[in-house]
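Peer 1: For reference, the structure I am asking about is given below.
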Amino acid sequence: MSSCCVFGCPNRRSLDSSFKFYRIPAVRKRRERWLNAIQRTDWTEAIINNARVCNAHFISGEASMNEDSPDYAPSVFPCGENMERLERKRKRKKQTVEQEDPCHGLPVDDDPMTAEEPVEEAEIVVPLVDYHSLSQKYDQLSGEYGNLRKDFYKLKEENARLKEELRKSNFSFSTVKNNAAHFLFLTGLTSVIFTWLVTKIKESVQKQTESLMLEDHLLVVLMKLRLGLSNRDIAYRFNVSECTISNVLRSWLPVMANVLKSIIKWPRRSAVLKNMPKSFRRHFKRCRCIIDCTEIFIERPTDLNTRAQSWSKYKHNNTVKYLVGITPAGAVSFLSPGCGGSVSDKQITLESGFLHLLEPKDEILAERGFLIRDELAACGATLRVPSFTKGKSPLPACGVDSSRRLSRARVHVERVISRWKSFKILHSVIPVSQVSLLDDMVIVCGALTNLCESVVPRKERVGSV
C-alpha cells in the first residue's frame with residue numbers, strides 16, 4: 001500500500017482513497033527541487049524510485065509540469081494542529097470504509113482485481129489534436145531555426161571578410177609596401193633599402209605600442225622626415241594617439257641617428273681620388289670636399305637670448321645653421337652640429353671641427369662667404385672660391401673661365417643639398433618643442449641621402465662608357 005513520504009504526513013493509498021500519489025520526477029533539476037522541498041536530499045536512488053508524494057502537498061491539489069507554477073514542486077506542509085486534524089479525518093474515513101466494505105484492509109497484492117494498480121505520475125496527458133498542433137509548430141520552429149543558423153554562418157563569414165578588409169584598409173606598412181611608387185613617395189626609399197634599414201636598427205630600438213609593428217614605427221619616422229607631416233596627421237593615418245607618435249619619434253630618432261651616422265663618413269684621400277668624376281680630374285684633382293651652409297627655420301623662441309642667437313640676417317627669420325661637406329662624387333661626408341642662425345659661415349666652420357679633418361695639399365671648394373683662407377693655409381690646405389667682382393675691374397678671360405669651372409663643379413653640392421632637403425621636414429618650420437631632435441633629423445636625412453643614387457651624372461662617373 002502506497003503512503004506519502006513527506007515527514008509527518010499520514011496519507012496512505014486505499015481502495016477508495018481520494019488522494020493522488022506522484023512519483024518523484026526523474027528529471028534531475030526538478031527532482032532536486034522536490035527532494036529539497038520534502039527534506040529528503042540524502043535518499044538513495046532506490047528509495048527515491050519507490051517514494052510517493054500525495055496531492056495534499058500541492059496548492060491546487062495536483063502537480064504541474066509548468067516550471068513557473070507554484071505546484072511545479074510540493075509546497076504545502078501542514079504541521080501541528082493541522083496534522084492532527086488531518087489524522088482524525090483520515091481515521092473517520094477509514095472507519096466508514098471498513099463498515100461499508102468488510103474486505104477493506106486486505107493487502108492490495110492479495111486482491112487480483114486491484115493488484116499492481118498503476119500509480120499516477122506527475123505528467124500531463126496531451127490530447128491528440130494538441131499533440132499534432134504542437135508537432136506542426138515544432139517542425140515549423142525547427143525549419144526556422146535551420147534557416148537562422150544558415151544566416152548566422154553567412155553573417156559570420158561576412159563579418160570575418162569585412163574585418164580582413166578593414167585590417168587591409170588601415171594605413172600600415174603591409175598596405176603600402178607592394179606599391180613601389182607610393183612607397184617611394186612616402187619614405188624616399190625603395191622597399192629593399194627599407195628592409196635593410198629595419199635589419200640594421202631593429203636590435204637598437206624598441207616598440208612603443210603593440211598596435212604598430214616594428215616596420216610601422218620606422219614608417220612613422222620616415223614619413224615625418226620625408227613629408228614633414230604633423231604628429232596629428234600621422235596619428236590619424238595610423239589610428240593611434242598623438243602621444244604615441246611623439247613617443248615613437250623621440251625614442252627612435254636619436255637611436256637611428258646614432259646607428260646611421262657611420263654612413264656619413266669622411267673618406268680617405270685615395271678613396272676621393274679613385275671615385276672623382278671626370279669633370280673634376282682636369283682642374284680640381286686635389287679637391288677633398290665642397291662645403292656650404294644651409295639653414296632650417298624654427299619657431300620664434302620665447303627666450304630673448306635664444307631668439308637673438310637664432311636670428312638670421314640672411315633669411316630674416318629664426319633658423320638653425322648647419323655646415324655641410326660634400327665629396328666630389330656627391331656623397332655627404334660632413335655635417336656639423338646645429339648653430340644659431342646668427343653665426344657666420346666662418347665661425348661655424350671653425351667651431352664645427354671641420355679643419356681637424358684636413359690634410360696638407362687638400363683643396364676645398366666653397367662660395368664667396370667662406371673667409372677661411374688663412375685658417376685653411378694653417379692646415380696646409382687651399383681654398384678655391386669664385387672671384388670677387390664687386391667694385392673691381394672686369395676679370396681677365398682666364399679668370400672668367402676659372403670662375404665658371406668652379407661654379408660648375410660646385411653645382412654638385414647644390415644638388416646634394418637639394419636632395420637632402422627633399423626630406424620636407426628640413427623645409428618646414430620646426431616647433432620649439434622639436435628643436436632638440438633637429439640634429440638627429442639632419443643626420444638621419446643625410447645618411448638616407450647617401451643611400452640614394454649619386455647626383456653625379458652617369459656619364460661623368462669613373463669607369464662609365
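Labels used: A, B, ... for chains in the order of the C-alpha cells, numbers from 1 for residues in each chain, and numbers from 1 for ligands as shown.
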Which residues of segment 403-440 of chain A sit at most 6 Å from segment 223-235 of chain A, using only C-alpha atoms? Give each one's shortest atom pair and distance in Å (one decimal place), in chain and ascending residue order, as JSON lines.
Peer 2:
{"residue": "A:Phe423", "atom": "CA", "partner": "A:Arg226", "partner_atom": "CA", "distance": 4.1}
{"residue": "A:Lys424", "atom": "CA", "partner": "A:Gly228", "partner_atom": "CA", "distance": 4.9}
{"residue": "A:Ile425", "atom": "CA", "partner": "A:Gly228", "partner_atom": "CA", "distance": 4.1}
Peer 1: Got a sec: who's within 8 Å of Ile291 of chain A, counting only C-alpha atoms, leaving out chain neighbours fewer than 5 positions off, as a list in words?
Peer 2: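 Once the adjacent positions are removed, what remains is Leu323, Val324, Gly325, Ile326, Ile364, Leu365, Ala366 and Val413 of chain A.
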Peer 1: Would you put the residues from that selection into a file with N, CA and C atoms, as a PDB file, in the first residue's frame?
Peer 2:
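Result file part_12.pdb:
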ATOM      1  N   LEU A 323      76.745  73.322 -41.306  1.00  0.00           N
ATOM      2  CA  LEU A 323      77.791  73.242 -42.315  1.00  0.00           C
ATOM      3  C   LEU A 323      77.747  71.855 -42.934  1.00  0.00           C
ATOM      4  N   VAL A 324      77.664  71.805 -44.270  1.00  0.00           N
ATOM      5  CA  VAL A 324      77.554  70.545 -44.985  1.00  0.00           C
ATOM      6  C   VAL A 324      78.775  70.371 -45.870  1.00  0.00           C
ATOM      7  N   GLY A 325      79.402  69.190 -45.796  1.00  0.00           N
ATOM      8  CA  GLY A 325      80.535  68.867 -46.648  1.00  0.00           C
ATOM      9  C   GLY A 325      80.155  67.757 -47.613  1.00  0.00           C
ATOM     10  N   ILE A 326      80.469  67.964 -48.917  1.00  0.00           N
ATOM     11  CA  ILE A 326      80.110  67.007 -49.960  1.00  0.00           C
ATOM     12  C   ILE A 326      81.383  66.583 -50.691  1.00  0.00           C
ATOM     13  N   ILE A 364      89.744  72.780 -50.946  1.00  0.00           N
ATOM     14  CA  ILE A 364      88.349  72.917 -50.517  1.00  0.00           C
ATOM     15  C   ILE A 364      87.666  73.912 -51.429  1.00  0.00           C
ATOM     16  N   LEU A 365      86.522  73.513 -51.985  1.00  0.00           N
ATOM     17  CA  LEU A 365      85.720  74.393 -52.824  1.00  0.00           C
ATOM     18  C   LEU A 365      84.589  74.977 -51.986  1.00  0.00           C
ATOM     19  N   ALA A 366      84.373  76.273 -52.093  1.00  0.00           N
ATOM     20  CA  ALA A 366      83.337  76.942 -51.300  1.00  0.00           C
ATOM     21  C   ALA A 366      82.834  78.164 -52.059  1.00  0.00           C
ATOM     22  N   VAL A 413      77.295  70.243 -54.940  1.00  0.00           N
ATOM     23  CA  VAL A 413      76.857  70.428 -53.556  1.00  0.00           C
ATOM     24  C   VAL A 413      75.426  70.950 -53.510  1.00  0.00           C
TER      25      VAL A 413
END
Peer 1: Skipping near chain neighbours, those fewer than 3 positions away, what residues fall within 9 Å of Leu218 of chain A using only C-alpha atoms, listed as a list in words?
Peer 2: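 Skipping anything fewer than 3 positions along the chain leaves Phe194, Leu197, Val198, Met213, Leu214, Glu215, Val221, Leu222, Met223, Val248 and Trp252 of chain A.
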Peer 1: Could you turn the residues from that selection into a file that holds all heavy atoms, as a CSV table (one decimal), in the first residue's frame?
Peer 2:
chain,number,residue,atom,x,y,z
A,194,PHE,N,64.6,49.9,-47.3
A,194,PHE,CA,63.7,49.9,-46.1
A,194,PHE,C,64.0,48.7,-45.3
A,194,PHE,O,64.2,48.7,-44.1
A,194,PHE,CB,62.3,50.1,-46.5
A,194,PHE,CG,61.4,50.3,-45.3
A,194,PHE,CD1,61.0,51.5,-44.8
A,194,PHE,CD2,60.8,49.1,-44.7
A,194,PHE,CE1,60.2,51.6,-43.7
A,194,PHE,CE2,60.0,49.3,-43.6
A,194,PHE,CZ,59.7,50.5,-43.1
A,197,LEU,N,67.3,48.7,-43.7
A,197,LEU,CA,67.3,49.6,-42.6
A,197,LEU,C,66.6,49.0,-41.3
A,197,LEU,O,67.1,49.2,-40.2
A,197,LEU,CB,66.5,50.9,-43.0
A,197,LEU,CG,66.7,52.2,-42.1
A,197,LEU,CD1,68.2,52.5,-42.0
A,197,LEU,CD2,66.0,53.3,-42.7
A,198,VAL,N,65.6,48.3,-41.5
A,198,VAL,CA,64.9,47.6,-40.4
A,198,VAL,C,65.9,46.6,-39.8
A,198,VAL,O,66.0,46.5,-38.5
A,198,VAL,CB,63.6,46.9,-40.8
A,198,VAL,CG1,63.1,46.0,-39.7
A,198,VAL,CG2,62.6,47.9,-41.3
A,213,MET,N,53.4,47.6,-35.8
A,213,MET,CA,54.5,46.7,-36.0
A,213,MET,C,55.8,47.5,-36.0
A,213,MET,O,55.8,48.7,-36.0
A,213,MET,CB,54.4,45.9,-37.3
A,213,MET,CG,53.2,45.0,-37.4
A,213,MET,SD,53.2,44.0,-38.9
A,213,MET,CE,53.3,45.3,-40.2
A,214,LEU,N,57.0,46.7,-35.9
A,214,LEU,CA,58.2,47.4,-35.9
A,214,LEU,C,58.4,48.2,-37.2
A,214,LEU,O,59.0,49.3,-37.2
A,214,LEU,CB,59.4,46.4,-35.8
A,214,LEU,CG,60.7,46.9,-35.4
A,214,LEU,CD1,60.8,47.5,-34.0
A,214,LEU,CD2,61.8,45.8,-35.6
A,215,GLU,N,58.0,47.6,-38.3
A,215,GLU,CA,58.1,48.3,-39.6
A,215,GLU,C,57.2,49.6,-39.6
A,215,GLU,O,57.6,50.6,-40.3
A,215,GLU,CB,57.7,47.4,-40.8
A,215,GLU,CG,58.6,46.2,-41.0
A,215,GLU,CD,58.4,45.1,-40.1
A,215,GLU,OE1,57.5,45.2,-39.2
A,215,GLU,OE2,59.1,44.1,-40.2
A,221,VAL,N,58.5,57.3,-38.7
A,221,VAL,CA,59.7,58.2,-38.6
A,221,VAL,C,60.0,58.7,-40.0
A,221,VAL,O,60.2,59.9,-40.3
A,221,VAL,CB,60.9,57.5,-38.0
A,221,VAL,CG1,62.1,58.4,-38.1
A,221,VAL,CG2,60.6,57.1,-36.6
A,222,LEU,N,60.0,57.8,-41.0
A,222,LEU,CA,60.4,58.2,-42.4
A,222,LEU,C,59.3,59.2,-43.0
A,222,LEU,O,59.7,60.1,-43.7
A,222,LEU,CB,60.6,57.0,-43.2
A,222,LEU,CG,61.7,56.1,-42.9
A,222,LEU,CD1,61.8,54.9,-43.8
A,222,LEU,CD2,63.1,56.9,-42.9
A,223,MET,N,58.0,58.9,-42.7
A,223,MET,CA,57.0,59.8,-43.2
A,223,MET,C,57.1,61.2,-42.6
A,223,MET,O,56.8,62.2,-43.2
A,223,MET,CB,55.6,59.2,-43.0
A,223,MET,CG,55.3,58.0,-43.9
A,223,MET,SD,53.7,57.3,-43.5
A,223,MET,CE,52.6,58.7,-43.8
A,248,VAL,N,57.2,57.7,-30.4
A,248,VAL,CA,58.0,57.0,-31.4
A,248,VAL,C,59.1,57.8,-31.9
A,248,VAL,O,60.2,57.4,-32.0
A,248,VAL,CB,57.0,56.5,-32.5
A,248,VAL,CG1,57.8,56.0,-33.7
A,248,VAL,CG2,56.1,55.4,-32.1
A,252,TRP,N,63.0,56.9,-31.3
A,252,TRP,CA,63.6,56.3,-32.5
A,252,TRP,C,64.6,57.2,-33.1
A,252,TRP,O,65.7,56.7,-33.6
A,252,TRP,CB,62.5,55.9,-33.5
A,252,TRP,CG,62.0,54.5,-33.2
A,252,TRP,CD1,61.3,54.1,-32.1
A,252,TRP,CD2,62.0,53.4,-34.1
A,252,TRP,NE1,60.9,52.8,-32.2
A,252,TRP,CE2,61.3,52.3,-33.4
A,252,TRP,CE3,62.4,53.1,-35.4
A,252,TRP,CZ2,61.1,51.1,-33.9
A,252,TRP,CZ3,62.3,51.9,-35.9
A,252,TRP,CH2,61.6,50.9,-35.2
Peer 1: Go ahead and compute the interatomic distance for atom CA of Lys265 of chain A and atom CA of Val455 of chain A, in Å to one decimal.
Peer 2: 17.3 Å
Peer 1: What is the atom CA of Thr190 of chain A-atom CA of His217 of chain A distance in Å, reported with one decimal?
Peer 2: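 That distance, rounded to one decimal, is 16.7 Å.
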Peer 1: Counting only C-alpha atoms, which of A:Val442, A:Cys5, A:Ala73, A:Cys452 gets nearest to Thr187 of chain A?
Peer 2: A:Cys452
Peer 1: Could you go through segment 255-360 of chain A and tell me which residues DSSP, when run on the backbone, assigns to strand (DSSP E), listing them as a list in words?
Peer 2: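 Taking segment 255-360 of chain A and keeping strand (DSSP E) only, one gets Cys287, Arg288, Cys289, Ile290, Ile291, Asp292, Cys293, Thr294, Glu295, Ile296, Phe297, Trp311, Ser312, Asn317, Asn318, Thr319, Val320, Lys321, Tyr322, Leu323, Val324, Gly325, Ile326, Val332, Ser333, Phe334, Leu335, Cys339 and Gly340 of chain A.
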Peer 1: Which residues are close to Ile201 of chain A, i.e. within 8 Å by only C-alpha atoms, leaving aside same-chain residues fewer than 5 positions away? Reply as a VMD selection string.
Peer 2: chain A and resid 255 to 256 259
Peer 1: Could you write those residues out with N, CA, C and O atoms, as a short mmCIF file (atom, residue, chain, number, x, y, z; two decimals), in the first residue's frame?
Peer 2:
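The file below, again-v9.cif, is the result:
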data_model
loop_
_atom_site.label_atom_id
_atom_site.label_comp_id
_atom_site.auth_asym_id
_atom_site.auth_seq_id
_atom_site.Cartn_x
_atom_site.Cartn_y
_atom_site.Cartn_z
N VAL A 255 68.21 57.09 -31.69
CA VAL A 255 68.82 55.78 -31.94
C VAL A 255 69.19 55.64 -33.41
O VAL A 255 70.28 55.16 -33.76
N MET A 256 68.28 56.05 -34.31
CA MET A 256 68.57 55.96 -35.74
C MET A 256 69.76 56.84 -36.11
O MET A 256 70.61 56.44 -36.92
N VAL A 259 72.93 55.12 -35.07
CA VAL A 259 73.26 53.95 -35.89
C VAL A 259 73.69 54.36 -37.29
O VAL A 259 74.64 53.81 -37.86
#
Peer 1: I'd like the interatomic distance between atom CA of Val343 of chain A and atom CA of Asp374 of chain A, to a tenth of an Å.
Peer 2: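 Separation between atom CA of Val343 of chain A and atom CA of Asp374 of chain A: 18.9 Å.
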Peer 1: Residues at most 7 Å from Cys379 of chain A, counting only C-alpha atoms, excluding those fewer than 3 positions away in the same chain, as a list of chain:residue names?
Peer 2: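 Counting only the stated atoms, we get A:Leu358, A:Glu359, A:Pro360, A:Glu375, A:Leu376.
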